[in-house]
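A.B. asks: Below is the structure I would like to discuss, written out as structure tokens.
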Amino acid sequence: MIGLFALFLNKGRTDNYKFPENQCEDTGFLYNEIDGGTYYIRRRMLNKFPEDKLFFQDENIHVCIDGLFLNRGDMEKKYHEKIEGLIGKKYVNEELGAFVNEIRGSFSGVITDMNKQEICVFTDHLALKPVFYLLFENGIIAASEVYEIARFCRCNHIDIHLDFCGAYSMLTYGYMYENCTLIKEVKKLREGTILHYTNEKLFFETYHTIKNETITISEEDAVVKIEQLFRQALELEVKKNKQYNYENVIPLSAGMDCRMTSYAFKKMFNQHAVNFTYSETGEYDYTTSSKMASELNNRWIFKSLDNGLDLYSIDEAVKLSDGLIYYAWPAQLNDFLKLVNTRNWGVIHTGVLGDIVVGTFVKENSPAYYNLGDGAFSTKMIEKLKKYSCVKEKNYEIGMIQNRGINGACLGYALTFRHYAEDLSPFLNIDFFDFCLSIPIEMKQKHKLYYTWVERFYPEAKKYKHNGVSLKGSKTIKFQGKEYRICAIPDLLVNTIRSRIKSNYGMNPFQSWYDNNHELQEIMKKYYLENKHEIKEWKELYKDTKWLFVHGNAKEKIQVLSLLGSVKLMFREENT
């Protein structure tokens with residue numbers, strides 16, 4: 001278990017239940033548990049940032065919080081009180097939502113109150129520290145991992161069932177749609193939300209909502225504000241590392257986002273950071289990152305993804321994914337992290353979602369409303385997903401952020417990072433995030449505002465191409481109704497030609513790896529044959545996965561294997 005686990009009962013006592021043992025050594029972890037008779041709380045968290053990961057009892061309430069309080073010191077100065085006492089007061093005065101809304105960082109928590117016979121479960125503004133919950137006859141279970149809930153239910157003969165919305169989400173999106181999981185009874189707590197459970201009743205309190213209501217602002221004022229808020233966000237992260245004497249580690253790629261984190265760090269602190277990159281050898285992520293790291297005078301670690309060797313350890317990666325994302329994401333990151341010494345890594349400063357926060361998911365031809373399947377890796381099973389899902393009408397940009405952004409990209413990295421360190425993106429600092437979403441979309445499309453920000457404050461970062469496309473020059477030309485930067489046209493043509501004649505083009509050429517690495521083909525085919533029986537009882541799903549594995553491309557085959565492995569993880573009796 002990584003994170004927290006809580007059981008709260010309205011019927012019976014906790015000593016009537018079995019609690020699965022931790023399956024690995026607790027060396028290097030913070031471990032605590034408390035049994036209050038009608039509630040049970042356990043935590044097993046990395047022994048990093050211990051002052052931020054709270055576990056205490058105050059009179060009649062018990063508090064367990066995982067994650068980071070980047071602004072803990074500021075809040076304690078503001079209220080002239082330690083966080084531990086402040087949480088209790090805010091909870092008792094029914095001001096918990098306002099209190100949680102003030103915290104900056106990634107976090108989740110549980111509060112139990114024996115007087116009110118209540119449990120509160122909460123997560124941060126963007127659910128970067130996810131929490132899942134299950135209601136059952138005798139109470140409620142909440143945990144940081146779906147797998148831990150499944151293990152508990154198996155141990156105690158609590159019925160759980162496959163959620164076909166979750167299953168077809170894996171086969172289409174490659175991650176979960178909305179708040180579903182692979183277990184029908186288990187739901188994800190949405191971002192900016194507090195769950196209250198008392199007197200056998202469940203209700204939700206929303207303390208923060210993702211909005212993109214635009215303001216009137218000039219481009220000049222927008223980039224100045226972006227720079228100010230970005231610096232504030234990065235400073236909070238760096239100060240937290242300094243407090244615990246951790247290294248500053250920043251991923252680096254040919255994109256703009258972690259590049260901006262690296263250049264801003266150098267400009268603000270003039271210190272050496274550790275950059276790391278994993279990609280196909282010789283591609284832009286490799287060539288561009290090596291040059292930038294050298295110019296920044298940083299240490300640089302490179303891990304090759306050549307031949308798809310990272311994709312061999314399917315079950316290990318599936319367990320890291322917690323049945324929430326397709327296994328390729330954690331497989332690649334974990335294969336790198338296992339090879340390096342992360343003991344002194346604290347906050348890893350990523351650039352996750354920068355491209356769509358300062359930029360936007362919205363293109364000129366994007367629909368007004370989000371449609372089921374937008375942002376999916378595969379559309380072959382979309383009609384089946386529609387059959388089992390409840391489609392909610394929402395703004396296109398917000399739907400893409402919640403699904404492709406948070407459920408996909410954010411969890412794609414966070415689920416693996418949490419086994420080694422804490423990961424934060426200054427682009428996801430909620431003050432920065434909210435401001436950027438309020439900027440008119442027209443100003444952000446095609447990276448216009450993004451490139452203006454870079455040109456104004458980090459011109460040295462513009463001399464390196466953005467995923468192989470030049471950033472020098474802002475003059476544009478219109479062709480067939482679309483606008484192109486003149487300086488980018490030669491690079492766009494080169495990239496198009498490369499993608500057509502070079503089979504292993506890009507950071508993740510899954511199809512090339514599968515076609516050319518016969519050992520990988522055999523491993524994937526063998527895994528399918530050995531595990532396809534895991535879903536044999538659901539005839540329609542069994543038939544669909546067989547068809548997709550046989551006729552799908554390499555990524556779709558990975559999605560099929562991810563589903564089979566995840567169902568085995570969640571439902572097989574041996575996992576108890």
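Residue names in the structure tokens use chain letters A, B, ... in the order shown, residue numbers from 1 in each chain, and ligand numbers from 1 in the order shown.
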As a PyMOL selection string, please: every residue in range 37-206 of chain A that DSSP puts in helix (DSSP H, G or I).
C.D. replies: chain A and resi 72-79+83-92+96-102+146-155+164-172
A.B. asks: Any idea what's packed within 9 Å of Lys448 in chain A, counting only C-alpha atoms, ignoring anything in its chain fewer than 5 positions away? Could you give it as a list in words?
C.D. replies: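 In the requested format, the answer is Gly359, Glu442, Met443, Trp453 and Ser474 of chain A.
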A.B. asks: Take the selection from the previous step and output its residues with N, CA and C atoms, as a JSON list (two decimals), in the first residue's frame.
C.D. replies:
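The resulting file, again.json, is shown below:
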```json
[["chain", "number", "residue", "atom", "x", "y", "z"],
["A", 359, "GLY", "N", -1.28, 26.94, -22.90],
["A", 359, "GLY", "CA", -1.92, 26.77, -24.20],
["A", 359, "GLY", "C", -3.35, 26.32, -23.97],
["A", 442, "GLU", "N", -8.60, 32.36, -27.56],
["A", 442, "GLU", "CA", -7.99, 32.84, -28.81],
["A", 442, "GLU", "C", -6.56, 33.32, -28.59],
["A", 443, "MET", "N", -6.30, 33.82, -27.41],
["A", 443, "MET", "CA", -4.96, 34.32, -27.09],
["A", 443, "MET", "C", -3.98, 33.16, -26.87],
["A", 453, "TRP", "N", 5.40, 34.55, -23.93],
["A", 453, "TRP", "CA", 5.96, 34.46, -22.57],
["A", 453, "TRP", "C", 7.43, 34.05, -22.62],
["A", 474, "SER", "N", 7.79, 35.11, -35.58],
["A", 474, "SER", "CA", 6.36, 35.04, -35.27],
["A", 474, "SER", "C", 5.48, 35.39, -36.47]]
```
A.B. asks: Pick from A:Leu424, A:Leu333, A:Leu353, A:Val224: nearest to Ile406 in chain A, with only C-alpha atoms counted?
C.D. replies: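 Looking at the shortest contact to Ile406 in chain A, the residue is A:Leu353.
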A.B. asks: Determine which residues of range 367-572 of chain A receive a DSSP assignment of strand (DSSP E), computed from the backbone, and state them as a PyMOL selection string.
C.D. replies: chain A and resi 422-424+476-479+482-485
A.B. asks: Need the shell around Ser566 in chain A: protein/DNA/RNA residues with any atom at most 9 Å away, counting only C-alpha atoms. Skip same-chain ones fewer than 6 positions apart. Format as a PyMOL selection string?
C.D. replies: chain A and resi 182+315+318-319+321-324
A.B. asks: Which residues of range 144-227 of chain A sit at most 10 Å from range 3-19 of chain A, using only C-alpha atoms? Give each one's shortest atom pair and distance in Å (one decimal place), in chain and ascending residue order, as a tab-separated table.
C.D. replies:
```
residue	atom	partner	partner_atom	distance
A:Ser144	CA	A:Gly3	CA	5.3
A:Glu145	CA	A:Gly3	CA	7.5
A:Glu148	CA	A:Phe5	CA	7.6
A:Ile149	CA	A:Phe5	CA	8.1
A:Arg151	CA	A:Phe19	CA	8.6
A:Phe152	CA	A:Phe19	CA	6.3
A:Cys153	CA	A:Lys18	CA	9.4
A:Arg154	CA	A:Lys18	CA	9.8
A:Cys155	CA	A:Lys18	CA	6.2
A:Asn156	CA	A:Tyr17	CA	6.3
A:His157	CA	A:Tyr17	CA	9.9
A:Tyr197	CA	A:Phe8	CA	8.7
A:Thr198	CA	A:Asn10	CA	8.1
A:Asn199	CA	A:Asn10	CA	7.1
A:Glu200	CA	A:Asn10	CA	6.5
```
A.B. asks: Which residues come within 9 Å of range 548-558 of chain A, counting only C-alpha atoms, excluding same-chain residues fewer than 6 positions away, as JSON, numbers by chain?
C.D. replies: {"A": [171, 172, 174, 311, 326, 327, 328, 377, 378, 380, 381, 510, 511, 512, 513, 514, 515, 524, 525, 528]}
A.B. asks: Could you write those residues out with N, CA, C and O atoms, as a CSV table (one decimal), in the first residue's frame?
C.D. replies:
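Once everything was written out, this is result08.csv:
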```
chain,number,residue,atom,x,y,z
A,171,LEU,N,-9.9,0.2,-22.9
A,171,LEU,CA,-9.8,-0.2,-24.3
A,171,LEU,C,-9.9,0.9,-25.3
A,171,LEU,O,-9.5,0.8,-26.5
A,172,THR,N,-10.4,2.1,-24.8
A,172,THR,CA,-10.5,3.2,-25.7
A,172,THR,C,-9.6,4.3,-25.2
A,172,THR,O,-8.6,4.6,-25.9
A,174,GLY,N,-7.5,4.4,-22.7
A,174,GLY,CA,-6.2,4.0,-22.1
A,174,GLY,C,-6.1,4.4,-20.7
A,174,GLY,O,-5.0,4.2,-20.0
A,311,LEU,N,8.6,-2.6,-21.9
A,311,LEU,CA,7.3,-3.2,-22.0
A,311,LEU,C,7.2,-4.6,-21.6
A,311,LEU,O,6.1,-5.3,-21.6
A,326,TYR,N,-3.2,2.6,-18.9
A,326,TYR,CA,-2.6,1.5,-19.6
A,326,TYR,C,-1.1,1.3,-19.2
A,326,TYR,O,-0.5,2.3,-18.8
A,327,TYR,N,-0.6,0.1,-19.2
A,327,TYR,CA,0.6,-0.2,-18.5
A,327,TYR,C,1.9,0.4,-19.1
A,327,TYR,O,2.9,0.5,-18.4
A,328,ALA,N,1.8,0.9,-20.3
A,328,ALA,CA,3.1,1.4,-21.0
A,328,ALA,C,3.6,2.6,-20.2
A,328,ALA,O,4.8,2.9,-20.1
A,377,PHE,N,-7.1,7.1,-26.9
A,377,PHE,CA,-6.1,6.6,-27.7
A,377,PHE,C,-6.6,5.7,-28.9
A,377,PHE,O,-6.0,5.6,-29.9
A,378,SER,N,-7.8,5.2,-28.7
A,378,SER,CA,-8.4,4.3,-29.7
A,378,SER,C,-9.9,4.6,-29.7
A,378,SER,O,-10.5,4.8,-28.7
A,380,LYS,N,-12.0,2.4,-31.6
A,380,LYS,CA,-12.6,1.2,-32.2
A,380,LYS,C,-13.7,0.7,-31.3
A,380,LYS,O,-14.7,0.1,-31.8
A,381,MET,N,-13.7,0.9,-30.0
A,381,MET,CA,-14.7,0.4,-29.1
A,381,MET,C,-15.5,1.5,-28.4
A,381,MET,O,-16.1,1.3,-27.4
A,510,PHE,N,5.6,2.7,-30.6
A,510,PHE,CA,5.2,1.4,-30.2
A,510,PHE,C,5.1,0.4,-31.4
A,510,PHE,O,5.5,-0.8,-31.2
A,511,GLN,N,4.5,0.9,-32.5
A,511,GLN,CA,4.4,-0.1,-33.6
A,511,GLN,C,5.7,-0.6,-34.2
A,511,GLN,O,5.8,-1.7,-34.5
A,512,SER,N,6.7,0.3,-34.2
A,512,SER,CA,8.0,-0.1,-34.7
A,512,SER,C,8.6,-1.1,-33.7
A,512,SER,O,9.2,-2.1,-34.2
A,513,TRP,N,8.5,-0.8,-32.4
A,513,TRP,CA,9.0,-1.8,-31.5
A,513,TRP,C,8.4,-3.2,-31.6
A,513,TRP,O,9.0,-4.2,-31.6
A,514,TYR,N,7.1,-3.1,-31.8
A,514,TYR,CA,6.3,-4.4,-31.9
A,514,TYR,C,6.7,-5.1,-33.2
A,514,TYR,O,6.9,-6.4,-33.2
A,515,ASP,N,6.8,-4.4,-34.2
A,515,ASP,CA,7.0,-5.0,-35.5
A,515,ASP,C,8.4,-5.6,-35.6
A,515,ASP,O,8.7,-6.6,-36.3
A,524,MET,N,4.1,-10.4,-25.5
A,524,MET,CA,2.8,-9.8,-25.5
A,524,MET,C,1.7,-10.9,-25.9
A,524,MET,O,0.7,-11.0,-25.2
A,525,LYS,N,2.0,-11.7,-26.9
A,525,LYS,CA,1.1,-12.7,-27.3
A,525,LYS,C,0.9,-13.8,-26.2
A,525,LYS,O,-0.2,-14.3,-26.0
A,528,TYR,N,-1.2,-12.5,-23.4
A,528,TYR,CA,-2.7,-12.5,-23.8
A,528,TYR,C,-3.2,-13.9,-23.7
A,528,TYR,O,-4.3,-14.1,-23.1
```
A.B. asks: Given only C-alpha atoms as the basis, pick out the residue of A:Tyr388, A:Trp345, A:Phe361, A:Tyr79 nearest to Gln445 in chain A.
C.D. replies: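 The answer is A:Phe361, which sits nearest to Gln445 in chain A.
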A.B. asks: What is the distance, in Å and to one decimal place, between CA of Ala150 in chain A and CA of Phe571 in chain A?
C.D. replies: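 If I compute the distance from CA of Ala150 in chain A to CA of Phe571 in chain A, I get 7.2 Å.
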A.B. asks: Leaving out Val131 in chain A and any residue of its chain fewer than 4 positions from it, which residues lie within 8 Å of it when counting only C-alpha atoms, given as a ChimeraX atom specification?
C.D. replies: /A:108,122-123,127,142-145,188-189
A.B. asks: Those residues you just picked out, can you put them in a file as an mmCIF file, in the first residue's frame with N, CA, C and O atoms?
C.D. replies:
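Wrote out.cif, looks like this:
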```cif
data_model
loop_
_atom_site.group_PDB
_atom_site.id
_atom_site.type_symbol
_atom_site.label_atom_id
_atom_site.label_comp_id
_atom_site.auth_asym_id
_atom_site.auth_seq_id
_atom_site.Cartn_x
_atom_site.Cartn_y
_atom_site.Cartn_z
ATOM 1 N N SER A 108 -4.101 14.483 -0.013
ATOM 2 C CA SER A 108 -5.395 13.860 0.245
ATOM 3 C C SER A 108 -5.435 13.553 1.731
ATOM 4 O O SER A 108 -4.388 13.487 2.386
ATOM 5 N N PHE A 122 -10.968 13.834 1.645
ATOM 6 C CA PHE A 122 -10.788 14.935 0.699
ATOM 7 C C PHE A 122 -9.540 14.748 -0.139
ATOM 8 O O PHE A 122 -8.626 13.997 0.213
ATOM 9 N N THR A 123 -9.534 15.436 -1.260
ATOM 10 C CA THR A 123 -8.364 15.463 -2.133
ATOM 11 C C THR A 123 -8.117 16.890 -2.578
ATOM 12 O O THR A 123 -8.916 17.785 -2.295
ATOM 13 N N ALA A 127 -7.128 16.756 -7.741
ATOM 14 C CA ALA A 127 -7.052 15.307 -7.473
ATOM 15 C C ALA A 127 -5.723 14.717 -7.924
ATOM 16 O O ALA A 127 -5.666 13.627 -8.482
ATOM 17 N N ALA A 142 -12.301 3.959 2.140
ATOM 18 C CA ALA A 142 -11.611 4.938 1.299
ATOM 19 C C ALA A 142 -10.126 4.593 1.290
ATOM 20 O O ALA A 142 -9.582 4.151 2.307
ATOM 21 N N ALA A 143 -9.486 4.792 0.150
ATOM 22 C CA ALA A 143 -8.066 4.463 0.055
ATOM 23 C C ALA A 143 -7.425 5.205 -1.103
ATOM 24 O O ALA A 143 -8.112 5.655 -2.024
ATOM 25 N N SER A 144 -6.098 5.291 -1.053
ATOM 26 C CA SER A 144 -5.333 5.910 -2.132
ATOM 27 C C SER A 144 -5.182 4.983 -3.327
ATOM 28 O O SER A 144 -4.775 5.425 -4.392
ATOM 29 N N GLU A 145 -5.480 3.692 -3.137
ATOM 30 C CA GLU A 145 -5.326 2.711 -4.198
ATOM 31 C C GLU A 145 -6.595 1.880 -4.345
ATOM 32 O O GLU A 145 -7.133 1.363 -3.350
ATOM 33 N N LYS A 188 -13.858 7.182 -7.990
ATOM 34 C CA LYS A 188 -12.804 8.151 -7.679
ATOM 35 C C LYS A 188 -13.442 9.421 -7.124
ATOM 36 O O LYS A 188 -14.437 9.913 -7.656
ATOM 37 N N LEU A 189 -12.865 9.963 -6.048
ATOM 38 C CA LEU A 189 -13.323 11.240 -5.510
ATOM 39 C C LEU A 189 -12.871 12.341 -6.455
ATOM 40 O O LEU A 189 -11.687 12.443 -6.781
#
```
A.B. asks: Residues at most 12 Å from Lys266 in chain A, counting only C-alpha atoms, excluding those fewer than 5 positions away in the same chain, as a ChimeraX atom specification?
C.D. replies: /A:231,234-235,238,248,250,259-261,271-275,292-293,295-298,458,460-461
A.B. asks: Counting only C-alpha atoms, figure out which residue out of A:Thr214, A:Thr360, A:Thr38, A:Glu178 gets nearest to Glu393 in chain A.
C.D. replies: A:Glu178
A.B. asks: Nearest to Lys291 in chain A: which of A:Tyr464, A:Tyr207, A:Tyr396, A:Tyr263 is it, counting only C-alpha atoms?
C.D. replies: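 Of A:Tyr464, A:Tyr207, A:Tyr396, A:Tyr263, the one nearest Lys291 in chain A is A:Tyr464, counting only C-alpha atoms.
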A.B. asks: Could you check the closest approach to Ser253 in chain A for each of A:Asp52, A:Leu372, A:Lys465, A:Thr342 and tell me which residue wins, using only C-alpha atoms?
C.D. replies: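 Looking only at the distances to Ser253 in chain A, the closest residue turns out to be A:Lys465.
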A.B. asks: What does the distance from CA of Glu33 in chain A to CA of His62 in chain A come to in Å, to one decimal?
C.D. replies: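 We find that CA of Glu33 in chain A and CA of His62 in chain A lie 11.0 Å from each other.
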A.B. asks: Work out how far CA of Gln117 in chain A is from CA of Glu205 in chain A, in Å to one decimal.
C.D. replies: 17.6 Å
A.B. asks: Just want the 6 Å neighbourhood of Ala254 in chain A, counted on only C-alpha atoms, with same-chain residues fewer than 6 positions away dropped. Output as JSON, numbers by chain.
C.D. replies: {"A": [284, 285, 288, 466, 467]}
